[in-house]
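A.B. asks: Input file: structure16.pdb. Contents: PDB, C-alpha atoms.
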```
ATOM      1  CA  MET A 205       0.000   0.000   0.000
ATOM      2  CA  HIS A 206       2.801   2.369   0.932
ATOM      3  CA  LYS A 207       4.491   1.752  -2.434
ATOM      4  CA  LEU A 208       1.252   2.397  -4.332
ATOM      5  CA  LEU A 209       0.646   5.656  -2.478
ATOM      6  CA  SER A 210       4.218   6.766  -3.078
ATOM      7  CA  LYS A 211       3.884   5.930  -6.755
ATOM      8  CA  GLY A 212       0.619   7.879  -7.011
ATOM      9  CA  VAL A 213       2.086  10.929  -5.318
ATOM     10  CA  LEU A 214       5.140  10.746  -7.540
ATOM     11  CA  ASN A 215       3.027  10.544 -10.682
ATOM     12  CA  LYS A 216       0.883  13.385  -9.427
ATOM     13  CA  GLY A 217       4.008  15.458  -8.806
ATOM     14  CA  ARG A 218       5.259  14.716 -12.299
ATOM     15  CA  THR A 219       2.000  15.952 -13.816
ATOM     16  CA  LEU A 220       2.113  19.142 -11.729
ATOM     17  CA  ASN A 221       5.708  20.048 -12.528
ATOM     18  CA  PRO A 222       5.059  21.318 -16.109
ATOM     19  CA  TRP A 223       2.255  23.591 -14.861
ATOM     20  CA  LEU A 224       4.428  24.949 -12.070
ATOM     21  CA  MET A 225       7.195  25.712 -14.579
ATOM     22  CA  ILE A 226       4.963  27.775 -16.876
ATOM     23  CA  LEU A 227       3.174  29.499 -13.979
ATOM     24  CA  PRO A 228       5.651  32.454 -13.730
ATOM     25  CA  ALA A 229       5.371  33.164 -17.463
ATOM     26  CA  PHE A 230       1.573  32.929 -17.266
ATOM     27  CA  LEU A 231       1.463  35.353 -14.322
ATOM     28  CA  ILE A 232       3.668  37.847 -16.159
ATOM     29  CA  LEU A 233       1.431  37.564 -19.232
ATOM     30  CA  LEU A 234      -1.654  38.015 -17.066
ATOM     31  CA  VAL A 235      -0.332  41.078 -15.201
ATOM     32  CA  PHE A 236       1.379  42.921 -18.060
ATOM     33  CA  ASN A 237      -0.770  41.931 -21.063
ATOM     34  CA  ILE A 238      -4.182  40.452 -20.319
ATOM     35  CA  PHE A 239      -5.133  42.675 -17.381
ATOM     36  CA  PRO A 240      -4.215  45.993 -19.113
ATOM     37  CA  LEU A 241      -6.089  44.826 -22.207
ATOM     38  CA  LEU A 242      -9.272  44.037 -20.258
ATOM     39  CA  TRP A 243      -8.900  47.191 -18.152
ATOM     40  CA  SER A 244      -8.572  49.419 -21.222
ATOM     41  CA  LEU A 245     -11.569  47.684 -22.804
ATOM     42  CA  GLY A 246     -13.601  48.575 -19.733
ATOM     43  CA  ILE A 247     -12.345  52.178 -19.832
ATOM     44  CA  SER A 248     -13.565  52.512 -23.433
ATOM     45  CA  PHE A 249     -17.144  52.249 -22.092
ATOM     46  CA  HIS A 250     -16.612  54.945 -19.445
ATOM     47  CA  ARG A 251     -16.124  58.674 -19.296
ATOM     48  CA  PHE A 252     -12.741  58.797 -17.617
ATOM     49  CA  SER A 253     -10.036  61.427 -17.109
ATOM     50  CA  VAL A 254      -7.068  61.224 -14.747
ATOM     51  CA  ILE A 255      -7.071  64.985 -14.078
ATOM     52  CA  ILE A 256     -10.672  65.002 -12.808
ATOM     53  CA  ARG A 257     -11.099  63.483  -9.363
ATOM     54  CA  GLU A 258     -14.258  61.521  -9.946
ATOM     55  CA  ILE A 259     -15.226  57.898 -10.371
ATOM     56  CA  PRO A 260     -15.260  56.787 -14.027
ATOM     57  CA  ARG A 261     -18.827  57.138 -15.295
ATOM     58  CA  TYR A 262     -20.308  54.354 -17.432
ATOM     59  CA  VAL A 263     -21.569  55.741 -20.778
ATOM     60  CA  GLY A 264     -22.094  52.517 -22.724
ATOM     61  CA  GLY A 265     -21.149  52.802 -26.385
ATOM     62  CA  LEU A 266     -21.185  56.614 -26.419
ATOM     63  CA  ASN A 267     -17.403  56.833 -26.828
ATOM     64  CA  TYR A 268     -17.530  54.564 -29.869
ATOM     65  CA  ILE A 269     -20.417  56.541 -31.360
ATOM     66  CA  ASN A 270     -18.556  59.823 -30.838
ATOM     67  CA  VAL A 271     -15.441  58.429 -32.478
ATOM     68  CA  ILE A 272     -17.297  56.935 -35.457
ATOM     69  CA  THR A 273     -19.240  60.155 -36.084
ATOM     70  CA  SER A 274     -16.233  62.451 -35.560
ATOM     71  CA  ALA A 275     -15.094  64.213 -38.732
ATOM     72  CA  GLU A 276     -11.750  64.888 -37.055
ATOM     73  CA  ALA A 277     -11.159  61.191 -36.380
ATOM     74  CA  TRP A 278     -12.132  60.219 -39.940
ATOM     75  CA  ASP A 279      -9.756  62.846 -41.320
ATOM     76  CA  ARG A 280      -6.899  61.183 -39.390
ATOM     77  CA  ILE A 281      -7.986  57.719 -40.498
ATOM     78  CA  ILE A 282      -8.032  58.754 -44.169
ATOM     79  CA  ARG A 283      -4.632  60.421 -43.808
ATOM     80  CA  THR A 284      -3.302  57.251 -42.172
ATOM     81  CA  GLY A 285      -4.666  55.209 -45.091
ATOM     82  CA  ILE A 286      -2.813  57.447 -47.569
ATOM     83  CA  TYR A 287       0.345  57.117 -45.514
ATOM     84  CA  LEU A 288      -0.004  53.312 -45.386
ATOM     85  CA  ALA A 289      -0.580  53.050 -49.152
ATOM     86  CA  TYR A 290       2.595  54.981 -50.015
ATOM     87  CA  SER A 291       4.740  53.646 -47.177
ATOM     88  CA  LEU A 292       3.934  49.966 -47.723
ATOM     89  CA  SER A 293       4.294  50.319 -51.499
ATOM     90  CA  PHE A 294       7.744  51.882 -51.190
ATOM     91  CA  GLN A 295       8.943  49.461 -48.528
ATOM     92  CA  PHE A 296       7.649  46.372 -50.299
ATOM     93  CA  GLY A 297       8.789  47.476 -53.778
ATOM     94  CA  LEU A 298      12.312  48.375 -52.683
ATOM     95  CA  GLY A 299      12.523  45.357 -50.371
ATOM     96  CA  LEU A 300      11.580  43.046 -53.241
ATOM     97  CA  LEU A 301      14.128  44.626 -55.597
ATOM     98  CA  LEU A 302      16.901  44.318 -53.014
ATOM     99  CA  SER A 303      15.986  40.712 -52.196
ATOM    100  CA  LEU A 304      16.101  39.839 -55.921
ATOM    101  CA  LEU A 305      19.523  41.479 -56.069
ATOM    102  CA  LEU A 306      20.738  39.396 -53.129
ATOM    103  CA  PHE A 307      19.219  36.277 -54.697
ATOM    104  CA  GLU A 308      22.129  36.197 -57.132
ATOM    105  CA  ASP A 309      25.670  35.327 -56.066
ATOM    106  CA  PHE A 310      28.246  38.053 -56.623
ATOM    107  CA  LYS A 311      31.425  39.395 -55.048
ATOM    108  CA  GLY A 312      30.858  41.656 -52.063
ATOM    109  CA  LYS A 313      27.394  40.257 -51.299
ATOM    110  CA  ARG A 314      28.106  39.852 -47.575
ATOM    111  CA  ILE A 315      29.356  43.434 -47.293
ATOM    112  CA  LEU A 316      26.217  44.672 -49.017
ATOM    113  CA  ILE A 317      23.988  42.709 -46.638
ATOM    114  CA  THR A 318      25.856  44.227 -43.683
ATOM    115  CA  LEU A 319      25.312  47.732 -45.045
ATOM    116  CA  PHE A 320      21.595  47.048 -45.527
ATOM    117  CA  THR A 321      21.235  46.118 -41.854
ATOM    118  CA  ILE A 322      22.431  49.539 -40.639
ATOM    119  CA  PRO A 323      18.965  51.225 -40.655
ATOM    120  CA  LEU A 324      17.545  48.411 -38.515
ATOM    121  CA  MET A 325      20.326  48.736 -35.949
ATOM    122  CA  ILE A 326      19.737  52.460 -35.393
ATOM    123  CA  ALA A 327      16.946  53.560 -33.065
ATOM    124  CA  PRO A 328      14.076  55.214 -35.007
ATOM    125  CA  VAL A 329      14.406  58.312 -32.811
ATOM    126  CA  ALA A 330      18.081  58.676 -33.753
ATOM    127  CA  SER A 331      17.289  58.117 -37.437
ATOM    128  CA  SER A 332      14.539  60.743 -37.298
ATOM    129  CA  LEU A 333      16.869  63.287 -35.671
ATOM    130  CA  PHE A 334      19.450  62.553 -38.361
ATOM    131  CA  PHE A 335      16.953  63.109 -41.179
ATOM    132  CA  ARG A 336      15.573  66.193 -39.418
ATOM    133  CA  TYR A 337      19.004  67.725 -39.904
ATOM    134  CA  LEU A 338      19.457  66.380 -43.448
ATOM    135  CA  PHE A 339      16.163  67.837 -44.700
ATOM    136  CA  ASP A 340      16.390  71.138 -42.845
ATOM    137  CA  GLU A 341      15.165  73.813 -45.270
ATOM    138  CA  ASN A 342      17.947  76.302 -44.473
ATOM    139  CA  LEU A 343      20.962  74.399 -43.134
ATOM    140  CA  GLY A 344      20.369  70.845 -44.372
ATOM    141  CA  PRO A 345      22.848  69.367 -46.876
ATOM    142  CA  VAL A 346      20.035  67.969 -49.053
ATOM    143  CA  ASN A 347      18.605  71.396 -49.853
ATOM    144  CA  ASN A 348      22.064  72.924 -50.241
ATOM    145  CA  PHE A 349      22.886  70.258 -52.823
ATOM    146  CA  LEU A 350      19.574  70.699 -54.665
ATOM    147  CA  LYS A 351      19.958  74.479 -54.770
ATOM    148  CA  HIS A 352      23.363  74.126 -56.407
ATOM    149  CA  VAL A 353      22.155  71.511 -58.906
ATOM    150  CA  VAL A 354      18.606  72.549 -59.833
ATOM    151  CA  GLY A 355      18.389  75.931 -58.105
ATOM    152  CA  TYR A 356      15.534  74.932 -55.849
ATOM    153  CA  GLY A 357      15.136  73.133 -52.538
ATOM    154  CA  PRO A 358      11.638  72.095 -51.399
ATOM    155  CA  LEU A 359      10.290  72.835 -47.937
ATOM    156  CA  TRP A 360      10.423  69.261 -46.653
ATOM    157  CA  PHE A 361       8.418  69.887 -43.474
ATOM    158  CA  SER A 362       5.736  72.140 -44.967
ATOM    159  CA  SER A 363       2.188  71.570 -46.156
ATOM    160  CA  ASP A 364       3.190  72.298 -49.777
ATOM    161  CA  ILE A 365       2.084  69.588 -52.171
ATOM    162  CA  SER A 366       4.815  67.258 -53.404
ATOM    163  CA  PRO A 367       4.931  65.614 -56.870
ATOM    164  CA  LEU A 368       3.193  62.566 -55.318
ATOM    165  CA  GLY A 369       0.128  64.682 -54.553
ATOM    166  CA  ILE A 370       0.653  64.632 -50.786
ATOM    167  CA  PRO A 371       2.135  67.319 -48.484
ATOM    168  CA  TYR A 372       5.916  67.435 -48.323
ATOM    169  CA  ALA A 373       5.832  66.876 -44.546
ATOM    170  CA  LEU A 374       3.976  63.571 -44.982
ATOM    171  CA  PHE A 375       6.240  62.649 -47.885
ATOM    172  CA  THR A 376       9.305  63.211 -45.658
ATOM    173  CA  VAL A 377       7.876  60.961 -42.945
ATOM    174  CA  ILE A 378       7.258  58.262 -45.574
ATOM    175  CA  LEU A 379      10.844  58.570 -46.847
ATOM    176  CA  VAL A 380      12.285  58.172 -43.354
ATOM    177  CA  GLU A 381      10.072  55.176 -42.548
ATOM    178  CA  THR A 382      10.973  53.601 -45.886
ATOM    179  CA  TRP A 383      14.688  53.995 -45.135
ATOM    180  CA  ILE A 384      14.288  52.419 -41.697
ATOM    181  CA  TRP A 385      12.051  49.447 -42.532
ATOM    182  CA  THR A 386      12.838  48.444 -46.125
ATOM    183  CA  PRO A 387      15.683  46.146 -44.913
ATOM    184  CA  PHE A 388      13.171  44.303 -42.713
ATOM    185  CA  VAL A 389      11.019  43.482 -45.751
ATOM    186  CA  MET A 390      14.130  42.616 -47.750
ATOM    187  CA  PHE A 391      15.353  40.089 -45.157
ATOM    188  CA  LEU A 392      11.959  38.390 -44.923
ATOM    189  CA  LEU A 393      11.718  37.980 -48.697
ATOM    190  CA  THR A 394      15.354  36.862 -48.882
ATOM    191  CA  ALA A 395      14.580  34.191 -46.281
ATOM    192  CA  GLY A 396      11.699  33.004 -48.459
ATOM    193  CA  MET A 397      13.965  32.827 -51.512
ATOM    194  CA  SER A 398      16.531  30.791 -49.589
ATOM    195  CA  SER A 399      13.948  27.990 -49.324
ATOM    196  CA  ILE A 400      13.813  27.513 -53.103
ATOM    197  CA  PRO A 401      15.343  24.112 -54.007
ATOM    198  CA  GLN A 402      18.729  24.484 -55.665
ATOM    199  CA  ASP A 403      17.888  21.978 -58.413
ATOM    200  CA  LEU A 404      14.868  24.100 -59.394
ATOM    201  CA  ILE A 405      17.108  27.155 -59.711
ATOM    202  CA  GLU A 406      19.613  25.234 -61.806
ATOM    203  CA  GLN A 407      16.825  23.903 -64.032
ATOM    204  CA  SER A 408      15.546  27.426 -64.678
ATOM    205  CA  ARG A 409      19.054  28.469 -65.714
ATOM    206  CA  VAL A 410      19.438  25.475 -68.013
ATOM    207  CA  ASP A 411      16.079  26.248 -69.632
ATOM    208  CA  SER A 412      17.126  29.914 -70.009
ATOM    209  CA  LEU A 413      13.861  31.184 -68.532
ATOM    210  CA  LYS A 414      13.144  34.860 -68.935
ATOM    211  CA  PHE A 415      13.168  36.824 -65.707
ATOM    212  CA  ARG A 416       9.391  37.346 -65.599
ATOM    213  CA  HIS A 417       8.769  33.613 -66.036
ATOM    214  CA  LYS A 418      11.452  32.756 -63.476
ATOM    215  CA  PHE A 419       9.921  35.152 -60.983
ATOM    216  CA  ARG A 420       6.359  33.957 -61.561
ATOM    217  CA  TYR A 421       6.908  30.191 -61.614
ATOM    218  CA  VAL A 422      10.070  29.691 -59.530
ATOM    219  CA  ILE A 423      10.428  32.536 -57.019
ATOM    220  CA  LEU A 424       6.903  33.782 -56.307
ATOM    221  CA  PRO A 425       5.371  30.471 -55.106
ATOM    222  CA  TYR A 426       8.077  30.157 -52.435
ATOM    223  CA  ILE A 427       7.966  33.741 -51.145
ATOM    224  CA  LYS A 428       4.160  34.091 -50.938
ATOM    225  CA  PRO A 429       4.062  33.286 -47.198
ATOM    226  CA  MET A 430       6.852  35.783 -46.565
ATOM    227  CA  ILE A 431       5.036  38.436 -48.623
ATOM    228  CA  ALA A 432       1.962  37.971 -46.440
ATOM    229  CA  LEU A 433       4.101  38.053 -43.284
ATOM    230  CA  ALA A 434       5.954  41.199 -44.393
ATOM    231  CA  LEU A 435       2.742  43.040 -45.277
ATOM    232  CA  ILE A 436       1.038  42.037 -42.027
ATOM    233  CA  PHE A 437       3.991  43.041 -39.840
ATOM    234  CA  ARG A 438       4.577  46.322 -41.620
ATOM    235  CA  PHE A 439       0.859  47.167 -41.723
ATOM    236  CA  MET A 440       0.525  46.678 -37.970
ATOM    237  CA  ASP A 441       3.766  48.516 -37.237
ATOM    238  CA  SER A 442       2.945  51.417 -39.564
ATOM    239  CA  LEU A 443      -0.356  51.977 -37.787
ATOM    240  CA  LYS A 444       1.643  52.446 -34.581
ATOM    241  CA  THR A 445       4.177  54.857 -36.108
ATOM    242  CA  PHE A 446       4.707  57.577 -33.544
ATOM    243  CA  ASP A 447       8.334  58.248 -32.624
ATOM    244  CA  SER A 448       9.573  59.277 -36.074
ATOM    245  CA  ILE A 449       6.523  61.486 -36.687
ATOM    246  CA  TYR A 450       6.842  63.193 -33.321
ATOM    247  CA  ILE A 451      10.551  63.883 -33.851
ATOM    248  CA  LEU A 452      10.228  65.043 -37.465
ATOM    249  CA  THR A 453       7.029  67.107 -37.433
ATOM    250  CA  ALA A 454       5.155  66.552 -34.122
ATOM    251  CA  GLY A 455       2.081  65.966 -36.294
ATOM    252  CA  GLY A 456       2.349  69.323 -38.066
ATOM    253  CA  PRO A 457       2.230  71.638 -39.750
ATOM    254  CA  GLY A 458      -1.327  71.867 -38.488
ATOM    255  CA  ALA A 459      -2.557  68.293 -38.714
ATOM    256  CA  THR A 460      -0.737  67.427 -41.949
ATOM    257  CA  THR A 461       1.149  64.466 -40.472
ATOM    258  CA  GLU A 462      -1.134  63.737 -37.534
ATOM    259  CA  LEU A 463      -1.790  60.059 -38.173
ATOM    260  CA  ILE A 464      -4.157  57.972 -36.087
ATOM    261  CA  SER A 465      -1.430  57.025 -33.579
ATOM    262  CA  VAL A 466      -0.524  60.668 -32.931
ATOM    263  CA  TYR A 467      -4.208  61.588 -32.770
ATOM    264  CA  ILE A 468      -4.869  58.927 -30.105
ATOM    265  CA  TYR A 469      -1.931  60.292 -28.117
ATOM    266  CA  ARG A 470      -3.322  63.838 -28.285
ATOM    267  CA  VAL A 471      -6.820  62.733 -27.268
ATOM    268  CA  ALA A 472      -5.451  60.768 -24.315
ATOM    269  CA  PHE A 473      -2.621  62.973 -23.019
ATOM    270  CA  GLU A 474      -3.565  66.470 -24.180
ATOM    271  CA  ARG A 475      -7.353  66.357 -23.888
ATOM    272  CA  TRP A 476      -7.193  63.721 -21.122
ATOM    273  CA  ASP A 477     -10.130  61.869 -22.651
ATOM    274  CA  PHE A 478      -9.041  58.292 -22.008
ATOM    275  CA  GLY A 479     -12.453  56.837 -22.820
ATOM    276  CA  SER A 480     -12.484  58.151 -26.391
ATOM    277  CA  ALA A 481      -8.787  57.340 -26.866
ATOM    278  CA  THR A 482      -9.209  53.690 -25.848
ATOM    279  CA  ALA A 483     -12.384  53.383 -27.944
ATOM    280  CA  LEU A 484     -10.486  54.647 -30.980
ATOM    281  CA  SER A 485      -7.631  52.249 -30.188
ATOM    282  CA  TYR A 486     -10.013  49.280 -30.234
ATOM    283  CA  LEU A 487     -11.477  50.428 -33.549
ATOM    284  CA  VAL A 488      -7.936  50.455 -34.924
ATOM    285  CA  LEU A 489      -7.502  46.921 -33.538
ATOM    286  CA  VAL A 490     -10.601  45.829 -35.484
ATOM    287  CA  ILE A 491      -9.100  47.332 -38.662
ATOM    288  CA  VAL A 492      -5.839  45.462 -38.052
ATOM    289  CA  ILE A 493      -7.654  42.134 -37.595
ATOM    290  CA  PHE A 494      -9.735  42.707 -40.733
ATOM    291  CA  MET A 495      -6.735  43.658 -42.905
ATOM    292  CA  THR A 496      -4.710  40.728 -41.564
ATOM    293  CA  ASN A 497      -7.447  38.363 -42.753
ATOM    294  CA  VAL A 498      -7.500  40.136 -46.113
ATOM    295  CA  PHE A 499      -3.745  39.710 -46.548
ATOM    296  CA  MET A 500      -3.909  36.044 -45.579
ATOM    297  CA  ARG A 501      -6.892  35.309 -47.813
ATOM    298  CA  TYR A 502      -5.811  37.037 -51.015
ATOM    299  CA  ILE A 503      -2.103  36.314 -50.828
ATOM    300  CA  LEU A 504      -2.169  32.772 -49.497
ATOM    301  CA  GLY A 505      -5.650  31.799 -50.693
ATOM    302  CA  GLY A 506      -4.539  30.942 -54.223
ATOM    303  CA  GLU A 507      -1.723  28.784 -52.858
ATOM    304  CA  ARG A 508      -4.133  26.783 -50.705
ATOM    305  CA  SER A 509      -6.529  26.227 -53.582
TER     306      SER A 509
END
```
Give the structure from the file, written as structure tokens.
C.D. replies:
Amino acid sequence: MHKLLSKGVLNKGRTLNPWLMILPAFLILLVFNIFPLLWSLGISFHRFSVIIREIPRYVGGLNYINVITSAEAWDRIIRTGIYLAYSLSFQFGLGLLLSLLLFEDFKGKRILITLFTIPLMIAPVASSLFFRYLFDENLGPVNNFLKHVVGYGPLWFSSDISPLGIPYALFTVILVETWIWTPFVMFLLTAGMSSIPQDLIEQSRVDSLKFRHKFRYVILPYIKPMIALALIFRFMDSLKTFDSIYILTAGGPGATTELISVYIYRVAFERWDFGSATALSYLVLVIVIFMTNVFMRYILGGERS
């Protein structure tokens, strides 16, 4: 009997050990992730401000209604959509071109890869300060060079319309974000290309396939998952862009570069309206979930079928 009891306790201890080992990680996740998420969700249904000494007042879905019917909020959402369209297009286009360049073997390839990693190793705040100096309208080297070459230097942080049809200030933010994050897209696509079987590559060379056929039938099928991953990551990250905008333009001039992330910050920490700010944040979360499903369906859907 004593042996049976000892065996049962031992087995019971063995089944408890895995749970005890993951308990610290679960508690950290609960305290720092799940609880703040649920707490902020509750705040989105209340009228709440930290500078007013009163108990948060339950208002139901009023915060969501105010946000949805706010012309100011929609203006920021539309501006964020324009920013995303240009930023993702530039980052993905340049990232794809660079990954195709690195797909071929040539002398100095490793040095080139090292150089491409530099933007990712620099903090976005430092990069933004660097470009703030480069594009300075009066003292920046970019405008000094352009004035000597073409006799004109644009006002990079103004509301003047650029050749792309968007204000120069927004265009400058897009350029800086493209410089910082294009290597990230490039490395993801390069990783996808590294999974292509070597015999398939050799066969395409033997058959002397044209580049467009090689890209469509050899490269594209293997990098589709990485394309979806790159677009999803960069879409989510671009919606949260704050540091570079705040350093470069602080959302100005006016509200020219005030994207949805900066707008949420102003609502929360300048107007102290935490209820509306959290409601808007959850609406952005819904947009992220919807667009993630779109990317997965239309990019990977054909591969599944």
A.B. asks: To test your reading of the syntax: which residues would the PyMOL selection byres ((chain A and resi 484) around 9) return for the file shown? Reply as a list of chain:residue names.
C.D. replies: A:Ser248, A:Asn267, A:Tyr268, A:Val271, A:Ile272, A:Ala277, A:Ile464, A:Ile468, A:Gly479, A:Ser480, A:Ala481, A:Thr482, A:Ala483, A:Ser485, A:Tyr486, A:Leu487, A:Val488, A:Leu489
A.B. asks: Given the selection you just returned, output its residues as a file containing C-alpha atoms, formatted as an mmCIF file, keeping the file's coordinate frame.
C.D. replies:
```
data_model
loop_
_atom_site.group_PDB
_atom_site.id
_atom_site.type_symbol
_atom_site.label_atom_id
_atom_site.label_comp_id
_atom_site.auth_asym_id
_atom_site.auth_seq_id
_atom_site.Cartn_x
_atom_site.Cartn_y
_atom_site.Cartn_z
ATOM 1 C CA SER A 248 -13.565 52.512 -23.433
ATOM 2 C CA ASN A 267 -17.403 56.833 -26.828
ATOM 3 C CA TYR A 268 -17.530 54.564 -29.869
ATOM 4 C CA VAL A 271 -15.441 58.429 -32.478
ATOM 5 C CA ILE A 272 -17.297 56.935 -35.457
ATOM 6 C CA ALA A 277 -11.159 61.191 -36.380
ATOM 7 C CA ILE A 464 -4.157 57.972 -36.087
ATOM 8 C CA ILE A 468 -4.869 58.927 -30.105
ATOM 9 C CA GLY A 479 -12.453 56.837 -22.820
ATOM 10 C CA SER A 480 -12.484 58.151 -26.391
ATOM 11 C CA ALA A 481 -8.787 57.340 -26.866
ATOM 12 C CA THR A 482 -9.209 53.690 -25.848
ATOM 13 C CA ALA A 483 -12.384 53.383 -27.944
ATOM 14 C CA SER A 485 -7.631 52.249 -30.188
ATOM 15 C CA TYR A 486 -10.013 49.280 -30.234
ATOM 16 C CA LEU A 487 -11.477 50.428 -33.549
ATOM 17 C CA VAL A 488 -7.936 50.455 -34.924
ATOM 18 C CA LEU A 489 -7.502 46.921 -33.538
#
```
A.B. asks: Tell me which residues come within 10 Å of (6.3, 31.7, -44.2), as a list in words, counting only C-alpha atoms in the file's coordinates.
C.D. replies: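 The distance filter leaves exactly Leu392, Leu393, Ala395, Gly396, Ser399, Tyr426, Ile427, Lys428, Pro429, Met430, Ile431, Ala432, Leu433 and Ala434 of chain A.
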A.B. asks: Atom CA of Trp476 of chain A and atom CA of Ala459 of chain A, how far apart in Å?
C.D. replies: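 The value is 18.8 Å.
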A.B. asks: What is the distance between atom CA of Ile281 of chain A and atom CA of Arg438 of chain A, in Å to one decimal?
C.D. replies: 17.0 Å
A.B. asks: To one decimal in Å, tell me the separation between atom CA of Phe439 of chain A and atom CA of Phe320 of chain A.
C.D. replies: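 Atom-to-atom, atom CA of Phe439 of chain A to atom CA of Phe320 of chain A, that is 21.1 Å.
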A.B. asks: Generate the missing atoms of segment 425-440 of chain A up to N, CA and C atoms and report them as a CSV table (one decimal), keeping the file's coordinate frame.
C.D. replies:
```csv
chain,number,residue,atom,x,y,z
A,425,PRO,N,6.1,31.5,-55.9
A,425,PRO,CA,5.4,30.5,-55.1
A,425,PRO,C,6.0,30.2,-53.8
A,426,TYR,N,7.4,30.4,-53.7
A,426,TYR,CA,8.1,30.2,-52.4
A,426,TYR,C,8.1,31.4,-51.5
A,427,ILE,N,7.9,32.6,-52.0
A,427,ILE,CA,8.0,33.7,-51.1
A,427,ILE,C,6.6,34.3,-50.8
A,428,LYS,N,5.5,33.6,-51.3
A,428,LYS,CA,4.2,34.1,-50.9
A,428,LYS,C,3.9,34.2,-49.4
A,429,PRO,N,4.3,33.2,-48.7
A,429,PRO,CA,4.1,33.3,-47.2
A,429,PRO,C,4.8,34.4,-46.6
A,430,MET,N,6.1,34.7,-47.1
A,430,MET,CA,6.9,35.8,-46.6
A,430,MET,C,6.3,37.1,-47.0
A,431,ILE,N,5.7,37.2,-48.2
A,431,ILE,CA,5.0,38.4,-48.6
A,431,ILE,C,3.9,38.8,-47.7
A,432,ALA,N,3.1,37.8,-47.4
A,432,ALA,CA,2.0,38.0,-46.4
A,432,ALA,C,2.5,38.4,-45.1
A,433,LEU,N,3.5,37.7,-44.6
A,433,LEU,CA,4.1,38.1,-43.3
A,433,LEU,C,4.7,39.5,-43.3
A,434,ALA,N,5.4,39.9,-44.3
A,434,ALA,CA,6.0,41.2,-44.4
A,434,ALA,C,4.9,42.3,-44.4
A,435,LEU,N,3.8,42.1,-45.2
A,435,LEU,CA,2.7,43.0,-45.3
A,435,LEU,C,2.0,43.2,-44.0
A,436,ILE,N,1.8,42.0,-43.3
A,436,ILE,CA,1.0,42.0,-42.0
A,436,ILE,C,1.9,42.8,-41.0
A,437,PHE,N,3.1,42.4,-40.8
A,437,PHE,CA,4.0,43.0,-39.8
A,437,PHE,C,4.1,44.5,-40.1
A,438,ARG,N,4.4,44.9,-41.3
A,438,ARG,CA,4.6,46.3,-41.6
A,438,ARG,C,3.3,47.1,-41.5
A,439,PHE,N,2.1,46.5,-41.9
A,439,PHE,CA,0.9,47.2,-41.7
A,439,PHE,C,0.6,47.5,-40.3
A,440,MET,N,0.8,46.5,-39.4
A,440,MET,CA,0.5,46.7,-38.0
A,440,MET,C,1.5,47.7,-37.4
```
